[in-house]
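To be precise, the following lines are my_file-v7.csv, and they hold CSV, C-alpha atoms and all ligand atoms.
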```csv
chain,number,residue,atom,x,y,z
A,1,MET,CA,0.0,0.0,0.0
A,2,PRO,CA,1.4,3.4,-0.9
A,3,HIS,CA,1.9,6.1,1.8
A,4,LYS,CA,-1.0,8.5,2.0
A,5,THR,CA,-0.4,12.1,1.1
A,6,SER,CA,-2.9,14.2,2.9
A,7,LEU,CA,-3.7,17.8,3.8
A,8,SER,CA,-4.5,18.6,7.5
A,9,THR,CA,-5.0,22.3,7.1
A,10,LEU,CA,-6.1,24.4,4.1
A,11,LYS,CA,-6.2,28.2,4.5
A,12,LEU,CA,-7.1,30.6,1.7
A,13,THR,CA,-6.8,34.4,1.8
A,14,ASP,CA,-8.4,36.6,-0.9
A,15,PHE,CA,-8.6,33.6,-3.2
A,16,ARG,CA,-11.4,33.9,-5.8
A,17,ASN,CA,-14.7,34.2,-3.9
A,18,TYR,CA,-13.0,33.5,-0.5
A,19,ALA,CA,-12.0,36.5,1.7
A,20,GLY,CA,-10.6,34.1,4.2
A,21,VAL,CA,-11.3,30.4,5.0
A,22,SER,CA,-9.6,27.8,7.1
A,23,LEU,CA,-10.3,24.1,6.9
A,24,ALA,CA,-9.1,21.6,9.5
A,25,LEU,CA,-9.1,18.1,7.9
A,26,ASP,CA,-8.4,14.6,8.9
A,27,ASP,CA,-6.7,12.3,6.4
A,28,ARG,CA,-10.0,10.9,4.9
A,29,HIS,CA,-11.4,12.0,1.6
A,30,VAL,CA,-13.1,15.4,1.4
A,31,VAL,CA,-16.5,15.9,-0.1
A,32,LEU,CA,-17.5,19.5,-0.8
A,33,THR,CA,-21.2,20.1,-1.7
A,34,GLY,CA,-23.1,23.3,-2.4
A,35,ASP,CA,-25.0,25.3,-5.0
A,36,ASN,CA,-23.6,26.3,-8.3
A,37,GLY,CA,-21.2,29.2,-8.0
A,38,SER,CA,-20.7,28.7,-4.2
A,39,GLY,CA,-17.0,28.1,-4.5
A,40,LYS,CA,-16.4,24.3,-4.7
A,41,THR,CA,-14.2,24.4,-7.8
A,42,ASN,CA,-12.3,27.4,-6.3
A,43,LEU,CA,-11.3,25.2,-3.3
A,44,LEU,CA,-10.0,22.5,-5.7
A,45,GLU,CA,-8.2,25.2,-7.7
A,46,ALA,CA,-6.5,26.4,-4.5
A,47,ILE,CA,-5.2,22.8,-3.8
A,48,SER,CA,-4.0,22.5,-7.4
A,49,PHE,CA,-1.7,25.4,-6.6
A,50,LEU,CA,0.2,23.0,-4.4
A,51,SER,CA,1.7,21.7,-7.6
A,52,PRO,CA,3.8,23.7,-10.2
A,53,GLY,CA,2.0,25.7,-12.9
A,54,ARG,CA,-1.1,27.8,-13.0
A,55,GLY,CA,-3.5,25.5,-11.4
A,56,LEU,CA,-6.4,23.5,-12.7
A,57,ARG,CA,-8.0,26.5,-14.6
A,58,ARG,CA,-4.6,27.5,-16.1
A,59,ALA,CA,-5.5,30.9,-14.7
A,60,VAL,CA,-3.8,34.3,-15.2
A,61,LEU,CA,-2.6,34.6,-11.6
A,62,SER,CA,-3.9,38.1,-11.1
A,63,ASP,CA,-7.4,36.9,-11.9
A,64,VAL,CA,-7.2,34.5,-9.0
A,65,THR,CA,-7.0,37.3,-6.4
A,66,ARG,CA,-10.5,38.1,-5.0
A,67,VAL,CA,-12.2,40.9,-6.8
A,68,GLY,CA,-12.0,43.9,-4.4
A,69,ALA,CA,-9.0,42.6,-2.4
A,70,SER,CA,-6.2,45.1,-1.9
A,71,GLY,CA,-3.3,42.6,-1.9
A,72,GLY,CA,-2.6,39.4,-3.7
A,73,PHE,CA,-3.9,35.9,-2.8
A,74,SER,CA,-2.4,33.2,-0.7
A,75,VAL,CA,-2.9,29.5,-0.2
A,76,PHE,CA,-1.5,27.8,2.8
A,77,ALA,CA,-1.6,24.0,3.6
A,78,ASP,CA,-0.1,21.6,6.1
A,79,VAL,CA,0.7,18.5,4.1
A,80,ASP,CA,1.8,15.1,5.2
A,81,GLY,CA,3.8,14.4,2.0
A,82,ARG,CA,6.7,12.4,0.5
A,83,GLU,CA,9.2,14.0,2.8
A,84,GLY,CA,7.0,14.0,5.9
A,85,GLU,CA,5.1,17.0,7.3
A,86,VAL,CA,5.6,20.3,5.4
A,87,ALA,CA,3.9,23.7,5.6
A,88,ILE,CA,3.4,25.0,2.1
A,89,GLY,CA,2.6,28.7,1.5
A,90,THR,CA,2.0,30.0,-2.0
A,91,GLY,CA,0.4,33.0,-3.7
A,92,ILE,CA,1.2,36.3,-5.4
A,93,ASP,CA,2.1,39.6,-3.9
A,94,ALA,CA,0.3,42.7,-4.8
A,95,ASP,CA,3.0,45.0,-6.2
A,96,GLY,CA,0.9,45.0,-9.5
A,97,GLU,CA,4.0,44.7,-11.6
A,98,THR,CA,5.5,41.3,-11.7
A,99,VAL,CA,3.0,38.6,-11.0
A,100,ALA,CA,5.0,35.5,-10.3
A,101,ARG,CA,4.0,32.8,-7.9
A,102,ARG,CA,6.0,32.8,-4.7
A,103,LEU,CA,6.5,29.7,-2.6
A,104,ARG,CA,7.5,29.1,1.0
A,105,LEU,CA,8.3,25.6,2.5
A,106,ASN,CA,8.2,25.5,6.3
A,107,GLY,CA,8.3,29.3,6.2
A,108,THR,CA,11.5,29.6,4.1
A,109,PRO,CA,11.2,31.2,0.7
A,110,VAL,CA,12.0,28.8,-2.2
A,111,LYS,CA,13.2,29.8,-5.6
A,112,SER,CA,11.4,27.4,-7.8
A,113,VAL,CA,7.8,26.1,-7.5
A,114,GLU,CA,9.1,22.9,-9.1
A,115,GLU,CA,10.2,22.0,-5.6
A,116,LEU,CA,6.6,21.2,-4.7
A,117,THR,CA,7.0,18.0,-6.7
A,118,ASP,CA,9.4,16.7,-4.0
A,119,HIS,CA,6.5,16.8,-1.5
A,120,LEU,CA,3.4,15.8,-3.4
A,121,SER,CA,1.6,15.1,-6.6
A,122,VAL,CA,-1.8,16.7,-7.3
A,123,LEU,CA,-3.9,15.2,-10.2
A,124,TRP,CA,-7.3,16.5,-11.3
A,125,LEU,CA,-10.3,15.8,-13.4
A,126,THR,CA,-12.6,18.6,-14.1
A,127,PRO,CA,-15.7,19.1,-16.4
A,128,ALA,CA,-13.5,21.4,-18.5
A,129,MET,CA,-11.5,18.4,-19.5
A,130,ASP,CA,-14.6,16.6,-21.0
A,131,GLY,CA,-13.8,17.7,-24.5
A,132,LEU,CA,-10.2,16.5,-24.3
A,133,PHE,CA,-10.6,13.8,-26.9
A,134,THR,CA,-12.6,15.9,-29.4
A,135,GLY,CA,-10.8,19.2,-29.1
A,136,GLY,CA,-7.5,20.4,-30.4
A,137,SER,CA,-4.2,18.5,-30.1
A,138,SER,CA,-2.6,21.2,-27.9
A,139,ASP,CA,-5.0,20.3,-25.0
A,140,ARG,CA,-4.0,16.6,-25.3
A,141,ARG,CA,-0.3,17.5,-25.5
A,142,ARG,CA,-0.7,19.7,-22.3
A,143,PHE,CA,-2.6,16.9,-20.6
A,144,LEU,CA,0.2,14.4,-21.6
A,145,ASP,CA,2.9,16.7,-20.4
A,146,ARG,CA,1.2,17.1,-17.0
A,147,LEU,CA,1.2,13.3,-16.7
A,148,VAL,CA,4.9,13.2,-17.5
A,149,LEU,CA,5.6,16.1,-15.2
A,150,SER,CA,4.2,14.5,-12.1
A,151,LEU,CA,6.9,11.8,-12.4
A,152,ASP,CA,9.6,13.7,-14.1
A,153,PRO,CA,9.8,17.3,-12.9
A,154,ALA,CA,12.6,18.1,-15.3
A,155,HIS,CA,10.2,17.7,-18.2
A,156,GLY,CA,8.8,21.2,-17.7
A,157,ARG,CA,12.2,22.8,-17.9
A,158,ARG,CA,13.1,20.9,-21.0
A,159,ALA,CA,9.8,21.8,-22.7
A,160,ALA,CA,10.3,25.5,-21.9
A,161,ASP,CA,13.9,25.5,-23.1
A,162,TYR,CA,12.8,23.8,-26.3
A,163,GLU,CA,10.0,26.3,-26.9
A,164,ARG,CA,12.5,29.2,-26.4
A,165,ALA,CA,15.0,27.7,-28.9
A,166,MET,CA,12.3,27.1,-31.4
A,167,ARG,CA,11.1,30.7,-31.1
A,168,SER,CA,14.7,31.9,-31.7
A,169,ARG,CA,14.9,29.7,-34.8
A,170,ASN,CA,11.5,30.9,-36.1
A,171,ARG,CA,12.6,34.5,-35.6
A,172,LEU,CA,15.8,34.1,-37.5
A,173,LEU,CA,14.0,32.3,-40.4
A,174,SER,CA,11.2,34.9,-40.6
A,175,GLU,CA,13.8,37.7,-40.7
A,176,GLY,CA,15.6,35.8,-43.6
A,177,ARG,CA,18.8,35.4,-41.6
A,178,PHE,CA,19.9,32.0,-42.8
A,179,ASP,CA,23.3,32.0,-41.0
A,180,PRO,CA,24.2,28.3,-41.0
A,181,ALA,CA,26.4,28.3,-37.9
A,182,TRP,CA,23.8,30.2,-35.8
A,183,LEU,CA,20.9,28.1,-37.0
A,184,THR,CA,22.8,24.9,-36.5
A,185,GLY,CA,23.6,25.8,-32.9
A,186,ILE,CA,19.9,26.4,-32.2
A,187,GLU,CA,18.9,23.2,-34.0
A,188,VAL,CA,21.4,21.1,-32.1
A,189,GLN,CA,19.8,22.4,-28.9
A,190,MET,CA,16.3,21.7,-30.2
A,191,ALA,CA,17.3,18.2,-31.3
A,192,GLU,CA,18.7,17.3,-27.9
A,193,LEU,CA,15.8,18.8,-25.9
A,194,GLY,CA,13.1,17.6,-28.4
A,195,ILE,CA,14.3,14.0,-28.4
A,196,ALA,CA,14.6,14.0,-24.6
A,197,MET,CA,11.0,15.3,-24.4
A,198,ALA,CA,9.8,12.6,-26.8
A,199,ALA,CA,11.6,10.0,-24.8
A,200,ALA,CA,10.0,11.1,-21.5
A,201,ARG,CA,6.6,11.0,-23.1
A,202,ARG,CA,7.1,7.6,-24.6
A,203,GLU,CA,8.4,6.2,-21.3
A,204,MET,CA,5.3,7.5,-19.5
A,205,LEU,CA,3.0,5.9,-22.1
A,206,ASP,CA,4.9,2.6,-21.9
A,207,LEU,CA,4.6,2.6,-18.1
A,208,LEU,CA,0.9,3.4,-18.2
A,209,THR,CA,0.3,0.8,-20.9
A,210,ALA,CA,2.0,-1.8,-18.8
A,211,LEU,CA,0.0,-0.8,-15.8
A,212,VAL,CA,-3.3,-0.9,-17.7
A,213,ALA,CA,-2.4,-4.4,-19.0
A,214,ARG,CA,-1.8,-5.8,-15.6
A,215,SER,CA,-4.8,-4.2,-13.9
A,216,ALA,CA,-8.1,-6.0,-13.2
A,217,ALA,CA,-11.1,-4.9,-15.2
A,218,THR,CA,-13.3,-2.1,-13.6
A,219,PRO,CA,-16.5,-0.5,-14.8
A,220,PHE,CA,-14.3,2.2,-16.3
A,221,PRO,CA,-12.8,1.4,-19.8
A,222,SER,CA,-9.1,0.8,-20.3
A,223,PRO,CA,-7.4,3.4,-22.4
A,224,ASP,CA,-5.0,2.3,-25.1
A,225,LEU,CA,-2.5,5.1,-25.6
A,226,SER,CA,-0.2,6.0,-28.4
A,227,LEU,CA,1.6,9.0,-29.8
A,228,THR,CA,1.5,10.4,-33.3
A,229,GLY,CA,2.9,13.3,-35.2
A,230,PHE,CA,6.6,13.2,-34.6
A,231,LEU,CA,9.1,10.6,-36.0
A,232,ASP,CA,6.3,8.1,-36.1
A,233,ASP,CA,8.2,5.7,-38.3
A,234,GLU,CA,11.4,6.0,-36.5
A,235,ALA,CA,10.3,5.5,-32.9
A,236,ALA,CA,12.1,2.2,-32.4
A,237,ARG,CA,15.5,3.6,-33.2
A,238,PRO,CA,18.0,4.6,-30.4
A,239,PHE,CA,17.7,8.1,-29.1
A,240,ALA,CA,21.2,9.2,-30.4
A,241,GLU,CA,20.1,8.3,-33.9
A,242,LEU,CA,16.7,10.1,-33.4
A,243,GLU,CA,18.6,13.2,-32.5
A,244,GLU,CA,20.4,13.0,-35.9
A,245,VAL,CA,17.2,12.4,-37.8
A,246,PHE,CA,15.5,15.3,-36.2
A,247,LEU,CA,18.5,17.6,-36.7
A,248,ALA,CA,18.5,16.7,-40.4
A,249,GLU,CA,14.8,17.4,-40.6
A,250,LEU,CA,15.3,20.8,-39.1
A,251,ARG,CA,18.2,21.6,-41.4
A,252,ASP,CA,16.5,20.4,-44.5
A,253,GLY,CA,13.3,22.2,-43.5
A,254,ARG,CA,14.6,25.7,-43.0
A,255,TYR,CA,13.2,27.2,-46.2
A,256,ARG,CA,9.9,25.3,-45.8
A,257,ASP,CA,9.6,26.5,-42.2
A,258,ALA,CA,10.5,30.1,-43.2
A,259,ALA,CA,7.7,30.0,-45.7
A,260,ALA,CA,5.2,28.5,-43.2
A,261,GLY,CA,6.3,31.0,-40.5
A,262,ARG,CA,6.6,28.2,-38.0
A,263,THR,CA,8.5,24.9,-37.4
A,264,LEU,CA,6.6,22.1,-39.0
A,265,THR,CA,8.3,19.2,-37.3
A,266,GLY,CA,9.1,18.5,-33.7
A,267,PRO,CA,7.7,17.3,-30.4
A,268,HIS,CA,5.5,20.3,-30.3
A,269,ARG,CA,3.4,18.6,-33.1
A,270,VAL,CA,2.8,15.4,-31.1
A,271,ASP,CA,-0.8,14.2,-30.5
A,272,LEU,CA,-1.9,11.8,-27.8
A,273,MET,CA,-4.2,9.1,-29.3
A,274,VAL,CA,-6.5,7.3,-27.0
A,275,ARG,CA,-8.6,4.3,-27.8
A,276,HIS,CA,-11.4,2.6,-25.8
A,277,ARG,CA,-9.7,-0.8,-25.5
A,278,GLU,CA,-12.8,-2.9,-24.8
A,279,LYS,CA,-14.7,-1.4,-27.8
A,280,ASN,CA,-11.6,-1.1,-29.9
A,281,MET,CA,-12.7,2.4,-30.9
A,282,GLU,CA,-11.0,5.9,-31.0
A,283,ALA,CA,-12.0,7.9,-28.0
A,284,ASP,CA,-13.3,10.8,-30.1
A,285,ARG,CA,-15.8,8.4,-31.7
A,286,CYS,CA,-17.1,7.2,-28.3
A,287,SER,CA,-20.3,8.6,-26.7
A,288,THR,CA,-20.0,11.5,-24.3
A,289,GLY,CA,-20.6,9.1,-21.3
A,290,GLU,CA,-18.0,6.7,-22.7
A,291,GLN,CA,-15.5,9.5,-23.1
A,292,LYS,CA,-16.0,10.6,-19.5
A,293,ALA,CA,-15.6,7.0,-18.3
A,294,LEU,CA,-12.4,6.7,-20.4
A,295,LEU,CA,-11.0,9.9,-18.9
A,296,VAL,CA,-11.8,8.6,-15.4
A,297,GLY,CA,-10.0,5.3,-16.3
A,298,LEU,CA,-7.0,7.2,-17.6
A,299,ILE,CA,-6.7,9.5,-14.5
A,300,LEU,CA,-7.1,6.5,-12.1
A,301,ALA,CA,-4.4,4.6,-14.0
A,302,HIS,CA,-2.1,7.6,-13.8
A,303,ALA,CA,-2.8,8.0,-10.1
A,304,ARG,CA,-2.0,4.3,-9.5
A,305,LEU,CA,1.2,4.7,-11.6
A,306,THR,CA,2.2,7.7,-9.5
A,307,ALA,CA,1.6,5.8,-6.3
A,308,ASP,CA,3.6,2.8,-7.6
A,309,MET,CA,6.5,4.9,-8.8
A,310,THR,CA,6.9,7.2,-5.9
A,311,GLY,CA,5.5,5.1,-3.0
A,312,HIS,CA,3.0,7.9,-2.3
A,313,ALA,CA,-0.5,8.2,-3.5
A,314,PRO,CA,-1.3,11.5,-5.2
A,315,VAL,CA,-3.9,14.0,-4.0
A,316,LEU,CA,-6.8,13.7,-6.4
A,317,LEU,CA,-9.1,16.6,-7.2
A,318,LEU,CA,-12.3,15.3,-8.8
A,319,ASP,CA,-14.7,18.1,-9.7
A,320,GLU,CA,-18.3,17.1,-10.3
A,321,ILE,CA,-17.2,13.6,-10.7
A,322,ALA,CA,-20.4,11.9,-9.6
A,323,ALA,CA,-22.8,14.0,-11.7
A,324,HIS,CA,-23.0,11.7,-14.8
A,325,LEU,CA,-22.5,8.3,-13.3
A,326,ASP,CA,-25.3,5.9,-12.3
A,327,GLU,CA,-25.4,4.7,-8.7
A,328,GLY,CA,-23.4,1.5,-9.4
A,329,ARG,CA,-20.6,3.2,-11.2
A,330,ARG,CA,-20.5,5.9,-8.6
A,331,ALA,CA,-20.0,3.4,-5.8
A,332,ALA,CA,-17.4,1.6,-7.9
A,333,LEU,CA,-15.5,4.9,-8.5
A,334,PHE,CA,-15.5,5.6,-4.8
A,335,ASP,CA,-14.0,2.1,-4.1
A,336,LEU,CA,-11.4,2.6,-6.8
A,337,VAL,CA,-10.4,6.1,-5.5
A,338,HIS,CA,-10.3,4.8,-2.0
A,339,ASP,CA,-8.1,1.8,-3.0
A,340,LEU,CA,-5.5,4.2,-4.5
A,341,GLY,CA,-4.6,4.9,-0.8
A,342,GLY,CA,-4.6,8.7,-1.1
A,343,GLN,CA,-6.8,11.6,-0.2
A,344,ALA,CA,-9.3,12.7,-2.8
A,345,PHE,CA,-11.3,16.0,-2.8
A,346,MET,CA,-14.7,15.6,-4.6
A,347,THR,CA,-17.4,18.1,-5.4
A,348,GLY,CA,-21.0,18.0,-6.2
A,349,THR,CA,-24.3,19.8,-5.7
A,350,ASP,CA,-26.0,17.0,-3.8
A,351,ARG,CA,-24.5,15.4,-0.7
A,352,ALA,CA,-26.6,12.2,-1.2
A,353,MET,CA,-24.6,11.3,-4.3
A,354,PHE,CA,-21.6,10.6,-2.1
A,355,SER,CA,-23.4,8.5,0.5
A,356,ALA,CA,-21.7,5.4,-0.7
A,357,LEU,CA,-18.4,6.8,0.7
A,358,GLY,CA,-19.8,6.6,4.2
A,359,GLU,CA,-17.2,7.0,6.9
A,360,ARG,CA,-14.4,7.1,4.3
A,361,ALA,CA,-15.0,10.8,3.8
A,362,GLN,CA,-15.5,14.0,5.7
A,363,PHE,CA,-18.3,16.3,4.4
A,364,PHE,CA,-18.4,20.0,4.1
A,365,THR,CA,-21.0,22.4,2.8
A,366,VAL,CA,-19.9,25.4,0.7
A,367,HIS,CA,-22.0,28.5,0.6
A,368,GLN,CA,-21.1,31.8,-1.0
A,369,GLY,CA,-17.4,31.6,-0.1
A,370,HIS,CA,-17.9,30.1,3.3
A,371,VAL,CA,-17.3,26.5,4.3
A,372,SER,CA,-19.1,24.6,7.1
A,373,LYS,CA,-19.3,21.0,8.4
A,401,LIG,N1,-11.3,36.6,-8.5
A,401,LIG,C1,-12.5,36.4,-8.1
A,401,LIG,N2,-13.0,37.2,-7.1
A,401,LIG,C2,-14.2,37.0,-6.6
A,401,LIG,N3,-15.1,36.0,-7.0
A,401,LIG,C3,-14.6,35.2,-8.0
A,401,LIG,C4,-13.3,35.4,-8.6
A,401,LIG,N4,-13.1,34.4,-9.5
A,401,LIG,C5,-14.3,33.7,-9.6
A,401,LIG,N5,-15.2,34.1,-8.6
A,401,LIG,C6,-16.5,33.6,-8.4
A,401,LIG,O1,-16.4,32.4,-7.6
A,401,LIG,C7,-17.7,31.8,-7.7
A,401,LIG,C8,-17.6,30.3,-7.4
A,401,LIG,O2,-17.0,29.6,-8.4
A,401,LIG,P1,-16.8,28.1,-8.4
A,401,LIG,O3,-16.3,27.7,-9.8
A,401,LIG,O4,-15.9,27.6,-7.3
A,401,LIG,O5,-18.2,27.5,-8.1
A,401,LIG,P2,-18.7,26.0,-7.9
A,401,LIG,O6,-19.2,25.9,-6.5
A,401,LIG,O7,-17.7,25.0,-8.4
A,401,LIG,O8,-20.0,26.0,-8.9
A,401,LIG,P3,-20.5,25.0,-10.0
A,401,LIG,O9,-21.3,24.0,-9.2
A,401,LIG,O10,-21.4,25.8,-10.8
A,401,LIG,O11,-19.4,24.4,-10.7
A,401,LIG,C9,-18.3,32.2,-9.0
A,401,LIG,O12,-19.5,32.9,-8.8
A,401,LIG,C10,-17.3,33.2,-9.6
A,401,LIG,O13,-17.9,34.3,-10.1
```
Using structure tokens, write down the structure that the file contains.
Amino acid sequence: MPHKTSLSTLKLTDFRNYAGVSLALDDRHVVLTGDNGSGKTNLLEAISFLSPGRGLRRAVLSDVTRVGASGGFSVFADVDGREGEVAIGTGIDADGETVARRLRLNGTPVKSVEELTDHLSVLWLTPAMDGLFTGGSSDRRRFLDRLVLSLDPAHGRRAADYERAMRSRNRLLSEGRFDPAWLTGIEVQMAELGIAMAAARREMLDLLTALVARSAATPFPSPDLSLTGFLDDEAARPFAELEEVFLAELRDGRYRDAAAGRTLTGPHRVDLMVRHREKNMEADRCSTGEQKALLVGLILAHARLTADMTGHAPVLLLDEIAAHLDEGRRAALFDLVHDLGGQAFMTGTDRAMFSALGERAQFFTVHQGHVSK
């Protein structure tokens, strides 16, 4: 059984519709119920700020500060995590100029929010992700990269460096500056970073595929995962060779990319393909309910993988998870979530929907930015 990662305190100040709220929690799951617009998702969003990035809404940080507040926002949590108890404080200051997220661990300022991944993983499933399989490939790429990031924190840095190098190359090409030495320098960097990114993604997919293959059947379909859009025919070759192949593609594609105004090959073009294994059908051709179930299956598989790899179950944020499931599936989901061994935060409008959780959860009511037992 993995160790449990759990929050015992959650305090928000000037966060969305909360002026100030403080929750004392035990290590059971947390159910938040309340009317539409009461602040349930906002609480989950606050917890998502205990991981690097811009949270589950990918928010502009200044938008998170409560309207009418004079300062920035802050989120504070006591967490029993991978390295034991840690007090995490994060938020933005109110100087109005630079809006960067600051982070304190046990009261000490920390330079990089990436350090959060030493302490916990936070994974989420929200209604906004319902269109993942039918929408644009950039959403699936971002989803894939979040999966990778939770186990390989360096992935974010590599992706950012790759993007920066690609922008420099695009700029040179668009300005007609075909200086071979300069371009080659950038392209070598892109090839190293790009193939490392592709390798990390492939490794994550292989691990997930192996986990799905050895898992018992559940009411949630098994996702079959694959990548497409970058070096598809070369995937089996060693990484050193792939770097050479990509480098040659970049060199040979300079005039083409200059004409297109962007780089037409690279890991930034990858798409995550998902199939419903039992039906043997592409996810985007499955029904809305099947797609939701597939997404649940995917998140649960990833949560299990995170627990297996790190020895610590992730914190799960499941927004409106019960809404579209029948009673049997709901109960099965709660059992699966519970068996992961972590703490899950779940929201809904109706407390009765969570009754199958029984004593495994603590229940709170959310009302206009206030939370009560
Ligand atoms: N920066 C902000 N300042 C003040 N209020 C905000 C801010 N950002 C969002 N809100 C408000 O927070 C409220 C609660 O939003 P939230 O998404 O948490 O609701 P919810 O309880 O999850 O509702 P639903 O059941 O409809 O999903 C909304 O009415 C929204 O207008």
If you count all atoms listed in the file, which residues fall within 12 Å of stretch 109-111 of chain A, apart from same-chain ones fewer than 3 positions away, as a short mmCIF file (atom, residue, chain, number, x, y, z; two decimals) with C-alpha atoms, in the frame of the given file?
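Writing the result to out.cif gives the following:
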```cif
data_model
loop_
_atom_site.label_atom_id
_atom_site.label_comp_id
_atom_site.auth_asym_id
_atom_site.auth_seq_id
_atom_site.Cartn_x
_atom_site.Cartn_y
_atom_site.Cartn_z
CA ALA A 87 3.90 23.70 5.60
CA ILE A 88 3.40 25.00 2.10
CA GLY A 89 2.60 28.70 1.50
CA THR A 90 2.00 30.00 -2.00
CA GLY A 91 0.40 33.00 -3.70
CA ALA A 100 5.00 35.50 -10.30
CA ARG A 101 4.00 32.80 -7.90
CA ARG A 102 6.00 32.80 -4.70
CA LEU A 103 6.50 29.70 -2.60
CA ARG A 104 7.50 29.10 1.00
CA LEU A 105 8.30 25.60 2.50
CA ASN A 106 8.20 25.50 6.30
CA GLU A 114 9.10 22.90 -9.10
CA GLU A 115 10.20 22.00 -5.60
CA LEU A 116 6.60 21.20 -4.70
#
```
Legend entry - Contacts of ligand LIG 401 (chain A), 9 Å or closer, only C-alpha atoms and all ligand atoms, given as a PyMOL selection string: chain A and resi 14-19+32-45+62-69+127+319-320+347-349+366-369
Legend entry - Selection near A:Lys373, 7 Å with all atoms listed in the file, sequence-local residues under 6 positions removed, as a list in words: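 The contact residues come out as Phe363, Phe364 and Thr365 of chain A.
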Contact check, stretch 274-354 of chain A to stretch 196-215 of chain A, at most 9 Å, counting all atoms listed in the file, closest pairs as CSV:
```
residue,atom,partner,partner_atom,distance
A:Leu298,CA,A:Leu208,CA,8.8
A:Ala301,CA,A:Val212,CA,6.7
A:His302,CA,A:Leu208,CA,6.8
A:Arg304,CA,A:Leu211,CA,8.3
A:Leu305,CA,A:Leu208,CA,6.7
```
If you take only C-alpha atoms and a cut-off of 9 Å, which residues of stretch 236-269 of chain A touch stretch 148-169 of chain A, and what are their nearest atom pairs and distances in Å to one decimal, in chain and number order, as a tab-separated table?
```
residue	atom	partner	partner_atom	distance
A:Arg262	CA	A:Arg167	CA	8.6
A:Thr263	CA	A:Met166	CA	7.4
A:His268	CA	A:Glu163	CA	8.2
```
Inset, instruction - Just the residues within 8 Å of A:Asp93, please, counting only C-alpha atoms, with nothing from its chain fewer than 6 positions along; format it as a VMD selection string. - result: chain A and resid 71 to 73 99 102
Inset, instruction - Using only C-alpha atoms, pick whichever of A:Ala332, A:Glu85, A:Glu327, A:Gly185 has the shortest atom-to-atom distance to A:Ala352. - result: A:Glu327
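Counting from atom CA of A:Asp224, the distance to atom CA of A:Arg275 is 4.9 Å.
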Inset, instruction - Measure the distance from atom CA of A:Leu264 to atom CA of A:Glu249 in Å and round it to one decimal. - result: 9.6 Å
